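Here is the structure we will look at.
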Amino acid sequence: MDYRRNNQGAGGGGPDRNRNYGGRQHERNDRTDRGGRGGGFRRPYDRPRHDQRDREQERVQDEVNDIEKRLGGLIIRVGDKITPTLETNLNTLAGILDNDYAKHSATILKSLKACILELPMKSAIYGTLTGLLNAKNVQTGGTIVTMASDLLQESLLKYQWRNVKLLLRFFGELVNSNVILPTTLLNVMDQLLSVLEEETVLRARADCAVFCVLATLPWCAADMRDRNPHDFEKILGRVEDYMMAREDGEGVEGFEIIKVFKDSQCPYAQEESLTLLWKQIQNLQKDDWDVTILIKPSQAFDAALGMASQHELPAFTFPPHTDSVSYYAQAPLFRIFYGDDGEHTNSLPDPYSISHFIVRDNLTDVLCLFEINRKECAKYLFMVQYSYVIGTFADSALSATAAAAAAAGTAPKPEDMETDSSTGPGWAVDQLLAEVIFTEMFKLPKPEFKPVYYASLLVEVCKSFPDSFPTALAEAIKRLYDRLPSMDVECAHRFWTWFSHHLSNFGYLWNWSEWSAVLELPLDHAQCIFIRETLEKTIRLSYFERIKEALPQEFQKFMPSEAPGPTWKFESPEHPYHAMASAVLNSLRAKNSIEQIEQTLDSMKNAPRLESLTPLERDDFIRELFTECVLMLGSKSFSHVLNVIERYLMILQKMNSTPEARLHTVKIVAQFWRSNTQFLGILLDKMLNYRVVDAIAIVKWVFEPEVWQNEWHRSFVWDILKNTLNKVISRVAQVKDKLIEVRKEFESDPPTKTEEVVIAVENTLSIVTREQKEVFLTLYQRFVGVLQSRLKEIEGAGQNAEENRSWEIGLSWFLELGRRYSKEVATFSGTLEAIVFSTNNETGEGVDPRITSIFQEICRMEIGRSVEMN
């Protein structure tokens, strides 16, 4: 049962017009096959018996479906809000399920499975419900335990770590409900921690096992400590030994380069996720394992649950490591709302309390689980606050007061509507939700989902809860804007990309005057870059004049000077080669044949006006002339330019047969579309597909002096570079998949592919892998060379490189590209070290340590890699 999608369901709308209610349809004049009775239609008692039987079966099946739908709905909705009637509701539901289990066991098990894995904030509800069912019928309880056990083993084998975490948590609630013994769950934890005994265990692999264990403890540690203290302390001891050894080593691989903010400018400690969880568990231990915000519905049924029988769990196996395995790691601690000097505020849980982990973990799970349906996601994100003890969140406290007043038939008093600290902390769910969504959006090296998901979700939450959330979101935007100077460049890129999308959904309205201080800052300041990039992206989503009208006059300095459009070099009649360019343009417009165009270009190449040029300069001129005319003719739309390129592709490919020619063509395209960077990126991508230019040419263009000196602070340059590298990597992945496919077909019986086909694909893979290596080698050679030369200029002028924006921007993008493509960098690390990062034998100079340290940290991150939860 996947209720994350909107179920339209059946019912309503009148009778089914396609259904034959009378068995057979008869025309008025149809007199065939009447059983010898003659004349007219059959009366109801004349209908064949099998038609009546079919209708009866349909009716029975409809009744069964209705019952199963109601049962599933009851299971899903129980405990949506914590109220005084929760125990009664659970007991009633357990009775209903027990009565109907024999007839509808499949539906009940399917619904429970979905709820356990998709409603993580209600683990206690379903653990208690299972306990009540087990107390009524031990076989029913055993079936549920078996189902969950099989699902845990399946999740382990498929490396579905979120499912593993949630199922262990469910087993923890089964301990509280006396369905399984504490010893049983402690044995499972011990089996998972067996990976710590492997001789060459990866840090990410060990972290994953330890996290799954620690993430279970808040729900069941108190019961396990009381009922089996020896084994419980043994588990804690194993974890503590690992955490101490982990801290004594070289630190967590790659952690320093996945922080959102620079440590020197961040007022709070950006704790690594597992280290933070361990500190939270230690603080929970000091509090005698008492989690004040978690509901404990099983305690209301101690008498009934204490009489029930317990079940055993099978042995579980932690899956072996392979190079394709992905291990879970949370993002480092990320905070938006805090007081002076990084102190936490009363509106949010203390980051070092276990409550901080619980509520953020539940919200993150909901955000990820409901990715397929943002409307349902928005609804359940706000429902999470009602899954804890009343008063935990301010909204739930106020709602409870209002509900009590309504039940008494009186209006709530103002003083009663204030959050009572004695009943709970009264945290602000809006602020917490904003922090969680931005944490996932800014997750490095990449978020779990595409950025557009987080953007569309925030729009949906704002529209669904317009009275509260937009205010918290606006405050979050302002705080993040203030911290842009210390923010990672990739996170800043995601920030302005999201912000432009968000503005487009709300009429491009924003109080720009609050940011008027930016008008006095240099144009390469982080906040100036943010505003300029936001405006450029909003122009893409709308149009130039619309954005200009929505922007205050003083902020229009960040707008492009003119609307996006082409820049044709030969447009002016005063240009000396205007006539030649017009002739070529007219020939293209007339759709002359390739031979005719080539004859025209050859005649121009030998024109007297070009006699002073060298043969190479003539080739460059003709290439520029023809390419500019092709771009001009196709400048109306993408389809126009693609049609022209496809029509004269042979000429373009012939003109770009050398590396120098391909780099020249990239420069021509960049010059032509310098006022429309969106067209520039798309056109270079298409030319890459058509093999007019290659990836190395685009990489070289990024590091040409006219680009890195003037455009490095603009995101379109890096977007083009990342898109180019993605295509190179994708090409290798496609050929690898193709090789696997043809090998399977070759090894099948009988084989459907020949050995020659396999060899051909292997040769192709060798070629594209070599090309990929050349691209990354060129990237690092050019990038390091530019950074080194820039550093010499800065230091030669007596300046501090750390305070120079061009050096800071360049080094930040060097980090981001290495982080994003760490797998490829690690694969070619030996070659890169020997060619790029080695000491120059002639001069004795080496690469600056600030550059080298980033490269080394990237290689370490890949060795101990950890990726988002599946």
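Ordering of the structure tokens sets the chain letters (A, B, ...); residue numbers start at 1 within each chain; ligands are numbered from 1 in the order shown.
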Kindly assemble as a Markdown table a list of the segment 203-322 of chain A residues that lie within 12 Å of segment 799-813 of chain A, each paired with its nearest atom pair and their distance in Å to one decimal, using only C-alpha atoms, sorted first by chain and then by ascending residue number.
```
| residue | atom | partner | partner_atom | distance |
| --- | --- | --- | --- | --- |
| A:Ile257 | CA | A:Ser812 | CA | 10.1 |
| A:Ile258 | CA | A:Ser812 | CA | 11.9 |
| A:Val260 | CA | A:Ser812 | CA | 11.9 |
| A:Phe261 | CA | A:Ser812 | CA | 11.8 |
| A:Lys262 | CA | A:Ser812 | CA | 11.1 |
```
Restricted to N, CA and C atoms, what would the selected residues look like written as a compact mmCIF listing (two decimals), in the first residue's frame?
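Dumped to result20.txt:
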```txt
# COMPACT_ATOMS: atom_id res chain seq x y z
N ILE A 257 35.43 19.36 3.93
CA ILE A 257 35.04 19.98 2.65
C ILE A 257 33.56 19.80 2.34
N ILE A 258 32.78 19.37 3.33
CA ILE A 258 31.33 19.29 3.12
C ILE A 258 30.58 20.18 4.11
N VAL A 260 28.86 23.69 5.21
CA VAL A 260 28.18 24.76 4.49
C VAL A 260 28.87 26.09 4.71
N PHE A 261 29.41 26.31 5.89
CA PHE A 261 30.05 27.58 6.22
C PHE A 261 31.52 27.36 6.59
N LYS A 262 32.31 28.39 6.42
CA LYS A 262 33.69 28.35 6.87
C LYS A 262 33.71 28.39 8.39
```
I want to know what sits within 8 Å of segment 693-699 of chain A, based on only C-alpha atoms, with residues of the same chain fewer than 3 positions away left out; could you give that as a PyMOL selection string?
chain A and resi 656+659+662-663+665-666+684+687-688+690+702-703+721+724-725+728+774-775+778-779
For Leu109 of chain A, please output as a ChimeraX atom specification all residues within 10 Å (counting only C-alpha atoms; exclusion window: fewer than 6 positions along the same chain).
/A:1,72,101,115,140,143-144,147-148
Give me, as a ChimeraX atom specification, the residues of segment 206-356 of chain A that a backbone DSSP run labels alpha helix (DSSP H).
/A:206-214,217-227,229-248,273-286,302-306,354-356
Considering only C-alpha atoms, state which residue in the set A:Tyr577, A:Phe855, A:Trp708, A:Trp673 is at the smallest distance from Leu787 of chain A.
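Counting only C-alpha atoms, the residue closest to Leu787 of chain A is A:Trp708.
Coordinates place atom CA of Met121 of chain A at a distance of 6.2 Å from atom CA of Ser387 of chain A.
Considering the residues A:Leu276, A:Leu132, A:Val429, A:Leu185 and counting only C-alpha atoms, Phe232 of chain A has its shortest atom-to-atom contact with A:Leu185.
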